[in-house]
Each structure stands twice: as structure tokens, then as C-alpha cells.
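Enquirer: Sharing structure_26.cif below, mmCIF, C-alpha atoms:
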data_protein
#
loop_
_atom_site.group_PDB
_atom_site.id
_atom_site.type_symbol
_atom_site.label_atom_id
_atom_site.label_comp_id
_atom_site.auth_asym_id
_atom_site.auth_seq_id
_atom_site.Cartn_x
_atom_site.Cartn_y
_atom_site.Cartn_z
ATOM 1 C CA MET A 1 4.795 3.745 -8.030
ATOM 2 C CA SER A 2 3.138 0.608 -9.267
ATOM 3 C CA HIS A 3 3.800 -3.119 -9.293
ATOM 4 C CA GLU A 4 1.897 -5.333 -11.694
ATOM 5 C CA LEU A 5 0.650 -8.458 -9.990
ATOM 6 C CA LYS A 6 -1.096 -11.606 -11.137
ATOM 7 C CA ARG A 7 -4.382 -12.248 -9.321
ATOM 8 C CA ARG A 8 -3.338 -15.686 -8.052
ATOM 9 C CA ASP A 9 -0.139 -14.185 -6.603
ATOM 10 C CA PHE A 10 -2.160 -11.419 -4.916
ATOM 11 C CA LEU A 11 -4.521 -13.888 -3.294
ATOM 12 C CA LYS A 12 -1.622 -16.113 -2.252
ATOM 13 C CA ALA A 13 0.100 -13.148 -0.619
ATOM 14 C CA GLY A 14 -3.130 -12.170 1.143
ATOM 15 C CA ALA A 15 -3.420 -15.672 2.571
ATOM 16 C CA ALA A 16 0.153 -15.438 3.803
ATOM 17 C CA MET A 17 -0.708 -12.230 5.682
ATOM 18 C CA GLY A 18 -3.610 -13.958 7.363
ATOM 19 C CA ALA A 19 -1.329 -16.755 8.503
ATOM 20 C CA ALA A 20 1.446 -14.460 9.643
ATOM 21 C CA VAL A 21 0.645 -14.867 13.343
ATOM 22 C CA ALA A 22 1.672 -18.521 13.049
ATOM 23 C CA PHE A 23 5.248 -17.654 12.045
ATOM 24 C CA GLY A 24 7.920 -18.476 14.589
ATOM 25 C CA ARG A 25 7.673 -20.553 17.723
ATOM 26 C CA LYS A 26 5.376 -18.341 19.753
ATOM 27 C CA THR A 27 1.683 -17.572 19.644
ATOM 28 C CA VAL A 28 -0.292 -14.752 21.228
ATOM 29 C CA PHE A 29 -3.545 -16.690 21.397
ATOM 30 C CA ALA A 30 -4.772 -18.425 24.511
ATOM 31 C CA ALA A 31 -7.421 -21.102 23.956
ATOM 32 C CA GLU A 32 -10.051 -19.211 25.931
ATOM 33 C CA ALA A 33 -9.255 -15.596 25.163
ATOM 34 C CA SER A 34 -7.680 -13.027 22.864
ATOM 35 C CA THR A 35 -4.544 -11.365 24.183
ATOM 36 C CA VAL A 36 -3.987 -7.604 24.176
ATOM 37 C CA ALA A 37 -0.872 -5.891 25.487
ATOM 38 C CA VAL A 38 -1.306 -2.451 27.078
ATOM 39 C CA VAL A 39 1.835 -0.586 28.073
ATOM 40 C CA GLN A 40 2.000 2.874 29.593
ATOM 41 C CA GLY A 41 5.017 5.142 29.786
ATOM 42 C CA GLY A 42 6.466 8.488 28.806
ATOM 43 C CA ASP A 43 8.968 6.873 26.453
ATOM 44 C CA TYR A 44 6.654 5.768 23.668
ATOM 45 C CA GLY A 45 9.368 3.807 21.908
ATOM 46 C CA LYS A 46 10.027 1.717 25.005
ATOM 47 C CA ALA A 47 6.282 1.275 25.500
ATOM 48 C CA THR A 48 5.993 -0.076 21.945
ATOM 49 C CA ALA A 49 8.856 -2.504 22.438
ATOM 50 C CA LYS A 50 7.398 -3.728 25.728
ATOM 51 C CA ALA A 51 3.935 -4.224 24.215
ATOM 52 C CA VAL A 52 5.336 -6.456 21.485
ATOM 53 C CA GLU A 53 7.464 -8.292 24.059
ATOM 54 C CA LEU A 54 4.341 -9.059 26.104
ATOM 55 C CA LEU A 55 2.911 -10.736 22.998
ATOM 56 C CA GLY A 56 5.947 -12.999 22.703
ATOM 57 C CA GLY A 57 8.266 -10.764 20.689
ATOM 58 C CA MET A 58 8.334 -9.655 17.063
ATOM 59 C CA GLN A 59 9.869 -12.968 16.004
ATOM 60 C CA GLY A 60 6.465 -14.503 16.659
ATOM 61 C CA PHE A 61 5.033 -12.416 13.821
ATOM 62 C CA VAL A 62 7.883 -11.965 11.369
ATOM 63 C CA ARG A 63 9.917 -14.829 10.013
ATOM 64 C CA LYS A 64 13.517 -14.075 9.057
ATOM 65 C CA GLY A 65 13.650 -12.864 5.479
ATOM 66 C CA SER A 66 10.030 -11.666 5.436
ATOM 67 C CA ARG A 67 9.015 -8.573 3.503
ATOM 68 C CA VAL A 68 6.965 -6.321 5.775
ATOM 69 C CA ALA A 69 4.455 -3.605 4.892
ATOM 70 C CA ILE A 70 3.488 -1.023 7.517
ATOM 71 C CA LEU A 71 0.233 0.923 7.451
ATOM 72 C CA ALA A 72 0.535 4.028 9.622
ATOM 73 C CA ASN A 73 -2.028 6.835 9.931
ATOM 74 C CA VAL A 74 -0.946 10.213 8.504
ATOM 75 C CA GLN A 75 -4.405 11.630 7.817
ATOM 76 C CA SER A 76 -3.633 14.989 9.382
ATOM 77 C CA ARG A 77 -0.734 16.958 10.849
ATOM 78 C CA HIS A 78 -2.647 18.169 13.906
ATOM 79 C CA PRO A 79 -1.493 16.823 17.289
ATOM 80 C CA GLY A 80 -3.164 13.564 18.258
ATOM 81 C CA THR A 81 -4.281 12.693 14.722
ATOM 82 C CA PHE A 82 -1.321 10.717 13.368
ATOM 83 C CA THR A 83 0.760 7.726 14.428
ATOM 84 C CA SER A 84 3.534 8.800 16.793
ATOM 85 C CA PRO A 85 7.002 8.938 15.199
ATOM 86 C CA ALA A 86 8.442 7.293 18.328
ATOM 87 C CA VAL A 87 5.994 4.378 18.037
ATOM 88 C CA LEU A 88 6.755 3.931 14.333
ATOM 89 C CA LYS A 89 10.523 4.091 14.897
ATOM 90 C CA ALA A 90 10.368 1.459 17.626
ATOM 91 C CA ALA A 91 8.287 -0.878 15.470
ATOM 92 C CA ILE A 92 10.741 -0.573 12.595
ATOM 93 C CA GLY A 93 13.612 -1.449 14.920
ATOM 94 C CA LEU A 94 11.761 -4.521 16.150
ATOM 95 C CA LEU A 95 11.021 -5.636 12.598
ATOM 96 C CA LYS A 96 14.652 -5.309 11.599
ATOM 97 C CA GLY A 97 15.710 -7.130 14.737
ATOM 98 C CA ALA A 98 13.389 -10.000 13.847
ATOM 99 C CA GLY A 99 15.174 -10.375 10.510
ATOM 100 C CA ALA A 100 12.798 -8.705 8.067
ATOM 101 C CA SER A 101 14.493 -8.498 4.685
ATOM 102 C CA ALA A 102 12.558 -5.383 3.679
ATOM 103 C CA VAL A 103 10.321 -2.912 5.481
ATOM 104 C CA ALA A 104 8.194 -0.334 3.669
ATOM 105 C CA CYS A 105 5.406 2.060 4.555
ATOM 106 C CA LEU A 106 2.532 1.996 2.080
ATOM 107 C CA SER A 107 0.369 5.089 1.825
ATOM 108 C CA LEU A 108 -2.328 6.747 -0.245
ATOM 109 C CA GLN A 109 -1.518 10.092 1.397
ATOM 110 C CA PRO A 110 0.720 12.748 -0.221
ATOM 111 C CA VAL A 111 4.334 13.143 0.847
ATOM 112 C CA LYS A 112 3.535 16.443 2.594
ATOM 113 C CA GLN A 113 1.491 14.544 5.159
ATOM 114 C CA TRP A 114 4.506 12.391 5.957
ATOM 115 C CA GLU A 115 6.813 15.394 6.145
ATOM 116 C CA ASP A 116 4.494 17.548 8.270
ATOM 117 C CA THR A 117 3.970 14.759 10.832
ATOM 118 C CA GLY A 118 7.694 14.039 11.168
ATOM 119 C CA LEU A 119 7.206 10.468 9.982
ATOM 120 C CA ALA A 120 9.108 10.980 6.735
ATOM 121 C CA GLY A 121 12.192 11.873 8.744
ATOM 122 C CA ILE A 122 11.906 8.683 10.780
ATOM 123 C CA LEU A 123 11.736 6.576 7.631
ATOM 124 C CA ALA A 124 14.744 8.371 6.152
ATOM 125 C CA ASP A 125 16.763 7.837 9.325
ATOM 126 C CA GLU A 126 15.802 4.157 9.464
ATOM 127 C CA GLY A 127 16.370 3.485 5.757
ATOM 128 C CA VAL A 128 12.744 2.423 5.265
ATOM 129 C CA GLU A 129 11.089 2.958 1.905
ATOM 130 C CA LEU A 130 8.037 5.200 1.710
ATOM 131 C CA LYS A 131 5.833 3.979 -1.123
ATOM 132 C CA LEU A 132 3.180 6.479 -2.118
ATOM 133 C CA PHE A 133 0.263 5.621 -4.387
ATOM 134 C CA SER A 134 -2.517 7.708 -5.878
ATOM 135 C CA SER A 135 -5.836 6.534 -4.465
ATOM 136 C CA LYS A 136 -7.492 7.787 -7.668
ATOM 137 C CA ASP A 137 -5.410 5.603 -9.996
ATOM 138 C CA GLU A 138 -7.614 2.549 -10.372
ATOM 139 C CA SER A 139 -4.827 0.585 -12.091
ATOM 140 C CA LEU A 140 -3.039 0.371 -8.727
ATOM 141 C CA PHE A 141 -5.845 -1.614 -7.100
ATOM 142 C CA LYS A 142 -7.087 -5.178 -7.373
ATOM 143 C CA THR A 143 -10.665 -6.337 -6.987
ATOM 144 C CA VAL A 144 -11.074 -8.905 -4.225
ATOM 145 C CA ALA A 145 -14.307 -10.697 -3.355
ATOM 146 C CA VAL A 146 -15.528 -10.185 0.212
ATOM 147 C CA PRO A 147 -16.581 -13.549 1.692
ATOM 148 C CA GLY A 148 -19.668 -13.086 3.818
ATOM 149 C CA GLY A 149 -19.833 -9.398 2.962
ATOM 150 C CA ARG A 150 -23.030 -7.660 4.050
ATOM 151 C CA ALA A 151 -22.484 -4.140 2.727
ATOM 152 C CA LEU A 152 -19.657 -5.012 0.312
ATOM 153 C CA THR A 153 -19.470 -7.885 -2.153
ATOM 154 C CA GLU A 154 -15.985 -6.862 -3.286
ATOM 155 C CA ALA A 155 -13.215 -4.473 -2.313
ATOM 156 C CA ARG A 156 -10.570 -2.614 -4.295
ATOM 157 C CA ILE A 157 -7.294 -3.255 -2.443
ATOM 158 C CA LEU A 158 -3.885 -1.736 -3.151
ATOM 159 C CA ALA A 159 -2.201 -4.356 -5.344
ATOM 160 C CA ASP A 160 1.280 -3.656 -3.988
ATOM 161 C CA LEU A 161 0.194 -5.175 -0.687
ATOM 162 C CA GLY A 162 0.530 -8.555 -2.367
ATOM 163 C CA ASN A 163 4.279 -8.049 -2.660
ATOM 164 C CA TYR A 164 4.683 -8.391 1.112
ATOM 165 C CA ASP A 165 4.553 -11.357 3.457
ATOM 166 C CA VAL A 166 3.424 -9.477 6.553
ATOM 167 C CA LEU A 167 1.229 -6.451 7.215
ATOM 168 C CA VAL A 168 1.695 -4.486 10.440
ATOM 169 C CA ASN A 169 -1.254 -2.191 11.085
ATOM 170 C CA MET A 170 -0.292 0.959 13.044
ATOM 171 C CA PRO A 171 -3.248 3.288 13.596
ATOM 172 C CA ILE A 172 -3.677 6.040 16.082
ATOM 173 C CA THR A 173 -6.886 5.626 18.027
ATOM 174 C CA LYS A 174 -8.958 8.815 17.971
ATOM 175 C CA ASP A 175 -12.338 10.452 17.580
ATOM 176 C CA HIS A 176 -14.301 10.157 14.334
ATOM 177 C CA ALA A 177 -16.982 12.530 13.076
ATOM 178 C CA GLY A 178 -19.428 9.755 12.239
ATOM 179 C CA ASN A 179 -19.062 6.655 14.369
ATOM 180 C CA LYS A 180 -16.956 8.391 17.068
ATOM 181 C CA PHE A 181 -14.094 5.896 16.853
ATOM 182 C CA THR A 182 -11.025 5.257 14.734
ATOM 183 C CA GLY A 183 -8.920 2.182 15.472
ATOM 184 C CA THR A 184 -7.317 -0.843 13.902
ATOM 185 C CA MET A 185 -10.297 -1.851 11.766
ATOM 186 C CA LYS A 186 -10.971 1.583 10.322
ATOM 187 C CA ASN A 187 -7.288 2.179 9.591
ATOM 188 C CA LEU A 188 -7.425 -0.473 6.853
ATOM 189 C CA MET A 189 -9.398 1.982 4.736
ATOM 190 C CA GLY A 190 -5.923 3.338 4.019
ATOM 191 C CA LEU A 191 -5.391 0.400 1.635
ATOM 192 C CA ASN A 192 -8.717 0.750 -0.149
ATOM 193 C CA ALA A 193 -9.292 2.731 -3.349
ATOM 194 C CA SER A 194 -10.826 6.162 -2.779
ATOM 195 C CA VAL A 195 -13.725 5.400 -5.107
ATOM 196 C CA SER A 196 -14.577 2.472 -2.832
ATOM 197 C CA ASN A 197 -14.116 4.490 0.345
ATOM 198 C CA ARG A 198 -16.546 7.085 -0.970
ATOM 199 C CA SER A 199 -19.208 4.394 -1.216
ATOM 200 C CA PHE A 200 -18.693 3.745 2.504
ATOM 201 C CA HIS A 201 -20.001 7.234 3.231
ATOM 202 C CA LYS A 202 -23.682 7.814 2.566
ATOM 203 C CA PRO A 203 -24.944 11.435 2.494
ATOM 204 C CA ASN A 204 -25.669 11.655 6.223
ATOM 205 C CA TRP A 205 -22.826 9.464 7.517
ATOM 206 C CA GLN A 206 -22.181 11.836 10.425
ATOM 207 C CA THR A 207 -25.745 12.063 11.730
ATOM 208 C CA ASP A 208 -28.070 9.355 10.417
ATOM 209 C CA PRO A 209 -27.890 6.106 12.444
ATOM 210 C CA ASP A 210 -28.484 3.984 9.343
ATOM 211 C CA ASP A 211 -25.739 5.752 7.394
ATOM 212 C CA ILE A 212 -23.333 5.384 10.323
ATOM 213 C CA ALA A 213 -24.201 1.694 10.533
ATOM 214 C CA HIS A 214 -23.507 1.366 6.794
ATOM 215 C CA LEU A 215 -20.055 2.924 7.233
ATOM 216 C CA ASP A 216 -19.249 0.578 10.086
ATOM 217 C CA GLN A 217 -20.462 -2.491 8.198
ATOM 218 C CA CYS A 218 -18.293 -1.522 5.211
ATOM 219 C CA ILE A 219 -15.313 -1.318 7.577
ATOM 220 C CA VAL A 220 -16.120 -4.767 8.967
ATOM 221 C CA ASP A 221 -16.458 -6.205 5.457
ATOM 222 C CA LEU A 222 -13.126 -4.678 4.414
ATOM 223 C CA ASN A 223 -11.518 -6.371 7.405
ATOM 224 C CA LYS A 224 -12.716 -9.726 6.116
ATOM 225 C CA VAL A 225 -10.197 -9.524 3.245
ATOM 226 C CA ILE A 226 -7.261 -7.682 4.868
ATOM 227 C CA LYS A 227 -5.810 -9.465 7.890
ATOM 228 C CA PRO A 228 -2.795 -7.809 9.550
ATOM 229 C CA ALA A 229 -0.301 -10.075 11.273
ATOM 230 C CA LEU A 230 0.012 -7.547 14.093
ATOM 231 C CA ASN A 231 -1.753 -4.369 15.197
ATOM 232 C CA ILE A 232 0.132 -1.731 17.168
ATOM 233 C CA ALA A 233 -2.301 1.016 18.147
ATOM 234 C CA ASP A 234 -0.961 4.378 19.240
ATOM 235 C CA ALA A 235 -3.007 5.471 22.234
ATOM 236 C CA THR A 236 -0.339 7.784 23.612
ATOM 237 C CA GLU A 237 -1.849 11.179 22.714
ATOM 238 C CA PHE A 238 -5.016 11.475 20.648
ATOM 239 C CA ILE A 239 -7.941 13.757 19.870
ATOM 240 C CA THR A 240 -11.263 13.100 21.572
ATOM 241 C CA THR A 241 -13.179 15.702 19.530
ATOM 242 C CA ASN A 242 -13.304 16.927 15.917
ATOM 243 C CA GLY A 243 -11.914 13.694 14.492
ATOM 244 C CA PRO A 244 -10.464 12.300 12.428
ATOM 245 C CA PHE A 245 -8.578 15.380 11.187
ATOM 246 C CA GLY A 246 -8.625 17.705 14.192
ATOM 247 C CA PRO A 247 -7.581 19.940 15.706
ATOM 248 C CA GLY A 248 -9.377 18.688 18.749
ATOM 249 C CA GLU A 249 -9.197 18.223 22.490
ATOM 250 C CA LEU A 250 -6.289 15.983 23.471
ATOM 251 C CA ALA A 251 -6.180 13.026 25.828
ATOM 252 C CA LYS A 252 -2.790 11.697 26.872
ATOM 253 C CA PRO A 253 -3.052 8.201 28.358
ATOM 254 C CA GLY A 254 0.511 7.494 27.232
ATOM 255 C CA LYS A 255 -0.377 3.942 26.189
ATOM 256 C CA VAL A 256 0.507 1.601 23.348
ATOM 257 C CA VAL A 257 -1.999 -1.189 22.708
ATOM 258 C CA ALA A 258 -1.018 -4.226 20.628
ATOM 259 C CA GLY A 259 -2.491 -7.538 19.562
ATOM 260 C CA THR A 260 -3.585 -9.670 16.651
ATOM 261 C CA ASP A 261 -7.296 -9.495 17.437
ATOM 262 C CA ARG A 262 -8.514 -6.225 15.922
ATOM 263 C CA VAL A 263 -11.869 -6.327 17.703
ATOM 264 C CA ALA A 264 -10.204 -6.873 21.070
ATOM 265 C CA VAL A 265 -7.637 -4.124 20.497
ATOM 266 C CA ASP A 266 -10.337 -1.703 19.376
ATOM 267 C CA SER A 267 -12.471 -2.607 22.401
ATOM 268 C CA VAL A 268 -9.598 -1.687 24.708
ATOM 269 C CA CYS A 269 -8.831 1.519 22.797
ATOM 270 C CA ALA A 270 -12.485 2.592 22.739
ATOM 271 C CA ARG A 271 -12.496 2.566 26.524
ATOM 272 C CA LEU A 272 -9.447 4.844 26.511
ATOM 273 C CA LEU A 273 -11.597 7.364 24.631
ATOM 274 C CA GLY A 274 -14.276 7.015 27.292
ATOM 275 C CA LEU A 275 -16.514 4.995 24.962
ATOM 276 C CA LYS A 276 -18.324 1.744 25.568
ATOM 277 C CA PRO A 277 -17.312 -0.843 22.938
ATOM 278 C CA GLU A 278 -20.913 -2.001 22.706
ATOM 279 C CA SER A 279 -21.838 1.497 21.467
ATOM 280 C CA ILE A 280 -19.473 1.240 18.468
ATOM 281 C CA ILE A 281 -21.218 -0.639 15.670
ATOM 282 C CA GLN A 282 -18.030 -1.762 13.906
ATOM 283 C CA ILE A 283 -16.793 -3.378 17.129
ATOM 284 C CA VAL A 284 -20.100 -5.104 17.801
ATOM 285 C CA ARG A 285 -20.492 -6.354 14.251
ATOM 286 C CA GLY A 286 -16.841 -7.316 13.997
ATOM 287 C CA ALA A 287 -17.357 -9.587 16.989
ATOM 288 C CA GLU A 288 -20.658 -10.939 15.691
ATOM 289 C CA GLN A 289 -19.161 -11.678 12.268
ATOM 290 C CA GLY A 290 -16.129 -13.554 13.519
ATOM 291 C CA LEU A 291 -13.352 -10.968 13.327
ATOM 292 C CA GLY A 292 -12.493 -11.084 17.006
ATOM 293 C CA GLU A 293 -13.556 -10.851 20.620
ATOM 294 C CA MET A 294 -15.191 -7.920 22.435
ATOM 295 C CA ASP A 295 -16.325 -9.694 25.623
ATOM 296 C CA PRO A 296 -14.024 -8.280 28.353
ATOM 297 C CA GLY A 297 -14.231 -11.608 30.149
ATOM 298 C CA ARG A 298 -12.604 -13.301 27.150
ATOM 299 C CA ILE A 299 -9.915 -10.704 26.428
ATOM 300 C CA ARG A 300 -6.652 -11.386 28.221
ATOM 301 C CA ILE A 301 -5.017 -8.054 29.062
ATOM 302 C CA ARG A 302 -1.275 -8.011 29.695
ATOM 303 C CA GLU A 303 -0.331 -4.675 31.230
ATOM 304 C CA ALA A 304 2.971 -3.053 32.069
ATOM 305 C CA LYS A 305 4.567 0.325 32.718
ATOM 306 C CA VAL A 306 7.930 1.502 31.411
#
Mind turning this structure into C-alpha cells?

Expert:
Amino acid sequence: MSHELKRRDFLKAGAAMGAAVAFGRKTVFAAEASTVAVVQGGDYGKATAKAVELLGGMQGFVRKGSRVAILANVQSRHPGTFTSPAVLKAAIGLLKGAGASAVACLSLQPVKQWEDTGLAGILADEGVELKLFSSKDESLFKTVAVPGGRALTEARILADLGNYDVLVNMPITKDHAGNKFTGTMKNLMGLNASVSNRSFHKPNWQTDPDDIAHLDQCIVDLNKVIKPALNIADATEFITTNGPFGPGELAKPGKVVAGTDRVAVDSVCARLLGLKPESIIQIVRGAEQGLGEMDPGRIRIREAKV
């Protein structure tokens, strides 16, 4: 599938995504801190709904009539490596309830990944379009300059993203072979052309500290041009080893973590993996380069159980 898009329209749509948190009457930002909702419970759908409620409700992110793109993680079919179907289903229900005129999942992964993870069935049941794109088809991507980029001067972003008013980022937090952490910031590589993603990975990206730092800086730079309105991180069941594809050892905190501040959300999720946020370069540099807050004293945690 492909949608031709004028550059000025693409940039306009990107700006709208960045401003999406201002839609509606509510805001999740306190003057002195970023807000992150953390909800634990065996019913992952209810946990998702409660997390968004703690942030003021989906109407604070999605204006009635908005077109919404979802970016879920379907990198692998192994347990703890893909976004939970229950979490995705709940988010779709909230988006519809907020008055979204269209909801679609955008993906560079083949349909088999969606079928094997059970996510394709959820989309079919909910009447949500699954839009699949070849990451190797360069005509499907638009070149966007990276302001303040340190490893990247430009990125190749899926052009169809510009057809939506709101982006909801829905990663699963999990282990990664190189930097040991996958979260909201890294998930946005799922909208980047594969030729660009390959440049993120230097030959020794799993072992060499400089190559790992390069990967993390590329992720930070990519996040300077893609700004989700909302991040809903699946931290219900995830792999702590052999990431990002697995199979690996499973942890089951049973938590959904949500917020607009990607650095803050990733800081919280890193701790759920038993990691110190200050040991994850993308989190540290994301904070240093203005993407969000990692200081626990300045992150407002709203917790609940369902």
C-alpha cells in the first residue's frame, strides 16, 4: 500500500502529531514533573484502560474526528516479544470511544507476524485496518531533516504517517541484544526505512561500547522527528534475555506503563527489567537532548491496581 504525499503536507501532519497532547481539555503534564501511569493487574485490558484514565482519559489525546495511527511491536512471535493483544484491543476501544474517525495499525512487518502473534485477529474483530508496507521500497518513505541530530542529519520516515493526526506508540518493553533495552524510543524504528535502520547498526553493535552508543544516539535522533501523542508500553510479560526476538526468560510484572514523555516511560520500564536508567545510553542522551525527563525526583508516578 502506498499514499503519495506532498512534503509540506507531511511536515504539517508531523507537527500535528507533536501537538497532539494539547488536544482536549486535559493535560498530563505537571509544571514540575513528567507524569507516568503504572497500572498492575491480571486483566491487561483493564490495566490499559486504567493507565490512560490516570493520564486524564483518551479524550485528552484524541480529538473527535481524528485519524489515529498505532505502532505496535510484532517483531517476533515468541512469548514476551510482542505487544499484548489484550493491551492493543483495549487501546483501540479507548480510541473509538474518544471519537477517532479512523484507526489503523502501520507496520513494516509481514502479515504472518501479525497472524502468529494473534494481533491480526484483534484488528479484524475491532474493524481496524492493518496497513503493511515494504521497508525495502524506498518510494514509501520521505526524507526528513533531523534538527539537532548528532548521529543522523536526516531520517527516512514512512510517508503514510503523514495521513494521520495522532500517533499512539505501543511497544513491548524487553531485552535487546545490544543496548539491553527496548522501549518507547526504540519502537519508533518501526517507522524508519530498513536501509536507514541498517546504518544504526555498526559491525559490533552488540559488543563494542562505541557501536552501542551509536545505535542509541541514532534512536534518540529519530525521536527528534517522530513525536507520539501517547505511549502505552506493554510491561505485562516480557523477555529479559535473548532480545529482541527471543525466545528468552520471561518476567511477568503484569504492568501497563503509559505517558507522553518517552524518556520518563522508558526510565520506569527499564527498572522493571532490573536495569538502571542511567546505564541505558538512549535514556541518558534522550534526557540530555531534551526529549524528556529521567530524574526520578521529577517524574510523577500515578500507580493503581485493577

Enquirer: Identify all residues satisfying the PyMOL selection byres ((chain A and resi 47) around 10) in the given file; provide them as a CSV table (one decimal) with C-alpha atoms, in the frame of the given file.

Expert:
chain,number,residue,atom,x,y,z
A,38,VAL,CA,-1.3,-2.5,27.1
A,39,VAL,CA,1.8,-0.6,28.1
A,40,GLN,CA,2.0,2.9,29.6
A,41,GLY,CA,5.0,5.1,29.8
A,42,GLY,CA,6.5,8.5,28.8
A,43,ASP,CA,9.0,6.9,26.5
A,44,TYR,CA,6.7,5.8,23.7
A,45,GLY,CA,9.4,3.8,21.9
A,46,LYS,CA,10.0,1.7,25.0
A,48,THR,CA,6.0,-0.1,21.9
A,49,ALA,CA,8.9,-2.5,22.4
A,50,LYS,CA,7.4,-3.7,25.7
A,51,ALA,CA,3.9,-4.2,24.2
A,52,VAL,CA,5.3,-6.5,21.5
A,53,GLU,CA,7.5,-8.3,24.1
A,86,ALA,CA,8.4,7.3,18.3
A,87,VAL,CA,6.0,4.4,18.0
A,90,ALA,CA,10.4,1.5,17.6
A,236,THR,CA,-0.3,7.8,23.6
A,254,GLY,CA,0.5,7.5,27.2
A,255,LYS,CA,-0.4,3.9,26.2
A,256,VAL,CA,0.5,1.6,23.3
A,257,VAL,CA,-2.0,-1.2,22.7
A,304,ALA,CA,3.0,-3.1,32.1
A,305,LYS,CA,4.6,0.3,32.7
A,306,VAL,CA,7.9,1.5,31.4

Enquirer: For His78 of chain A, list every protein, DNA or RNA residue within 10 Å, evaluated using all atoms listed in the file, and leave out those in the same chain fewer than 3 positions away; present the list as a PyMOL selection string.

Expert: chain A and resi 74-75+81-82+116-117+238-239+244-248

Enquirer: Selected residues, C-alpha atoms, written as an mmCIF file, in the frame of the given file, please.

Expert:
data_model
loop_
_atom_site.group_PDB
_atom_site.id
_atom_site.type_symbol
_atom_site.label_atom_id
_atom_site.label_comp_id
_atom_site.auth_asym_id
_atom_site.auth_seq_id
_atom_site.Cartn_x
_atom_site.Cartn_y
_atom_site.Cartn_z
ATOM 1 C CA VAL A 74 -0.946 10.213 8.504
ATOM 2 C CA GLN A 75 -4.405 11.630 7.817
ATOM 3 C CA THR A 81 -4.281 12.693 14.722
ATOM 4 C CA PHE A 82 -1.321 10.717 13.368
ATOM 5 C CA ASP A 116 4.494 17.548 8.270
ATOM 6 C CA THR A 117 3.970 14.759 10.832
ATOM 7 C CA PHE A 238 -5.016 11.475 20.648
ATOM 8 C CA ILE A 239 -7.941 13.757 19.870
ATOM 9 C CA PRO A 244 -10.464 12.300 12.428
ATOM 10 C CA PHE A 245 -8.578 15.380 11.187
ATOM 11 C CA GLY A 246 -8.625 17.705 14.192
ATOM 12 C CA PRO A 247 -7.581 19.940 15.706
ATOM 13 C CA GLY A 248 -9.377 18.688 18.749
#

Enquirer: Need the shell around segment 148-157 of chain A: protein/DNA/RNA residues with any atom at most 7 Å away, counting only C-alpha atoms. Skip same-chain ones fewer than 6 positions apart. Format as a list in words?

Expert: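 Those residues are Phe141, Lys142, Leu191, Asn192, Ala193, Ser196, His214, Gln217, Cys218, Asp221 and Leu222 of chain A.
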
Enquirer: When distances are computed from all atoms listed in the file, which of A:Gly183, A:Gly121, A:Pro147, A:Pro228 shows the smallest separation from Leu161 of chain A?

Expert: A:Pro228

Enquirer: What does the structure give for the distance between atom CA of Pro79 of chain A and atom CA of Leu250 of chain A, in Å to one decimal?

Expert: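 Distance between the two atoms: 7.9 Å.
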
Enquirer: Mind telling me what the PyMOL selection byres ((chain A and resi 272-278) around 9) catches here, as JSON, numbers by chain?

Expert: {"A": [173, 174, 175, 180, 181, 235, 238, 239, 240, 251, 253, 266, 267, 268, 269, 270, 271, 279, 280, 281, 283, 284, 294]}

Enquirer: One decimal, Å: what's the distance from atom CA of Leu130 of chain A over to atom CA of Thr184 of chain A, could you say?

Expert: 20.5 Å

Enquirer: Record the distance separating atom CA of Ala37 of chain A and atom CA of Gly65 of chain A, expressed in Å with one decimal.

Expert: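 Atom-to-atom, atom CA of Ala37 of chain A and atom CA of Gly65 of chain A are spaced 25.7 Å apart.
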
Enquirer: So, counting all atoms listed in the file, which residue among A:Gly286, A:Gly259, A:Pro203, A:Gly97 is closest to Ile219 of chain A?

Expert: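 Selected residue with least distance to Ile219 of chain A: A:Gly286.
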
Enquirer: Please evaluate the PyMOL selection byres ((chain A and resi 94) around 9) against the displayed coordinates and give the resulting residues as a PyMOL selection string.

Expert: chain A and resi 49+52+57-59+89-93+95-99

Enquirer: Restricting the calculation to only C-alpha atoms: of A:Ala124, A:Val265, A:Ile212, A:Leu106, which residue gets closest to Asn231 of chain A?

Expert: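 The shortest atom-to-atom distance to Asn231 of chain A comes from A:Val265.
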
Enquirer: What's around Gln206 of chain A at 12 Å? Count all atoms listed in the file, leave out sequence neighbours fewer than 3 positions away in its own chain, and write the answer as a ChimeraX atom specification.

Expert: /A:176-181,200-203,209-216,242-244

Enquirer: The selected residues should be written to file as a tab-separated table (two decimals), in the frame of the given file (atoms: C-alpha atoms).

Expert:
chain	number	residue	atom	x	y	z
A	176	HIS	CA	-14.30	10.16	14.33
A	177	ALA	CA	-16.98	12.53	13.08
A	178	GLY	CA	-19.43	9.76	12.24
A	179	ASN	CA	-19.06	6.66	14.37
A	180	LYS	CA	-16.96	8.39	17.07
A	181	PHE	CA	-14.09	5.90	16.85
A	200	PHE	CA	-18.69	3.74	2.50
A	201	HIS	CA	-20.00	7.23	3.23
A	202	LYS	CA	-23.68	7.81	2.57
A	203	PRO	CA	-24.94	11.44	2.49
A	209	PRO	CA	-27.89	6.11	12.44
A	210	ASP	CA	-28.48	3.98	9.34
A	211	ASP	CA	-25.74	5.75	7.39
A	212	ILE	CA	-23.33	5.38	10.32
A	213	ALA	CA	-24.20	1.69	10.53
A	214	HIS	CA	-23.51	1.37	6.79
A	215	LEU	CA	-20.06	2.92	7.23
A	216	ASP	CA	-19.25	0.58	10.09
A	242	ASN	CA	-13.30	16.93	15.92
A	243	GLY	CA	-11.91	13.69	14.49
A	244	PRO	CA	-10.46	12.30	12.43

Enquirer: Using all atoms listed in the file, find the one residue out of A:Gly56, A:Gly162, A:Pro110, A:Pro296 that sits nearest to Ser76 of chain A.

Expert: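 Using all atoms listed in the file, the shortest distance to Ser76 of chain A belongs to A:Pro110.
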
Enquirer: Between A:Leu88, A:Met170, A:Leu119, A:Leu108, which is the closest to Ala72 of chain A once you count all atoms listed in the file?

Expert: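 Nearest candidate to Ala72 of chain A out of A:Leu88, A:Met170, A:Leu119, A:Leu108: A:Met170.
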
Enquirer: Choose the residue, out of A:Ile226, A:Asn187, A:Glu126, A:Leu291, that has the smallest atom-to-atom separation from Ala159 of chain A; count all atoms listed in the file.

Expert: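 Closest to Ala159 of chain A, using all atoms listed in the file: A:Ile226.
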
Enquirer: Regenerate segment 105-110 of chain A at the level of N, CA and C atoms and dump it as a short mmCIF file (atom, residue, chain, number, x, y, z; two decimals), in the coordinates of the input.

Expert:
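And here's out39.cif as it stands now:
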data_model
loop_
_atom_site.label_atom_id
_atom_site.label_comp_id
_atom_site.auth_asym_id
_atom_site.auth_seq_id
_atom_site.Cartn_x
_atom_site.Cartn_y
_atom_site.Cartn_z
N CYS A 105 6.69 1.47 4.18
CA CYS A 105 5.41 2.06 4.56
C CYS A 105 4.62 2.32 3.28
N LEU A 106 3.42 1.78 3.22
CA LEU A 106 2.53 2.00 2.08
C LEU A 106 1.53 3.08 2.44
N SER A 107 1.26 3.98 1.49
CA SER A 107 0.37 5.09 1.82
C SER A 107 -0.33 5.64 0.59
N LEU A 108 -1.57 6.04 0.78
CA LEU A 108 -2.33 6.75 -0.24
C LEU A 108 -2.33 8.25 0.02
N GLN A 109 -1.60 8.68 1.04
CA GLN A 109 -1.52 10.09 1.40
C GLN A 109 -0.33 10.75 0.71
N PRO A 110 -0.40 12.05 0.43
CA PRO A 110 0.72 12.75 -0.22
C PRO A 110 1.93 12.87 0.69
#
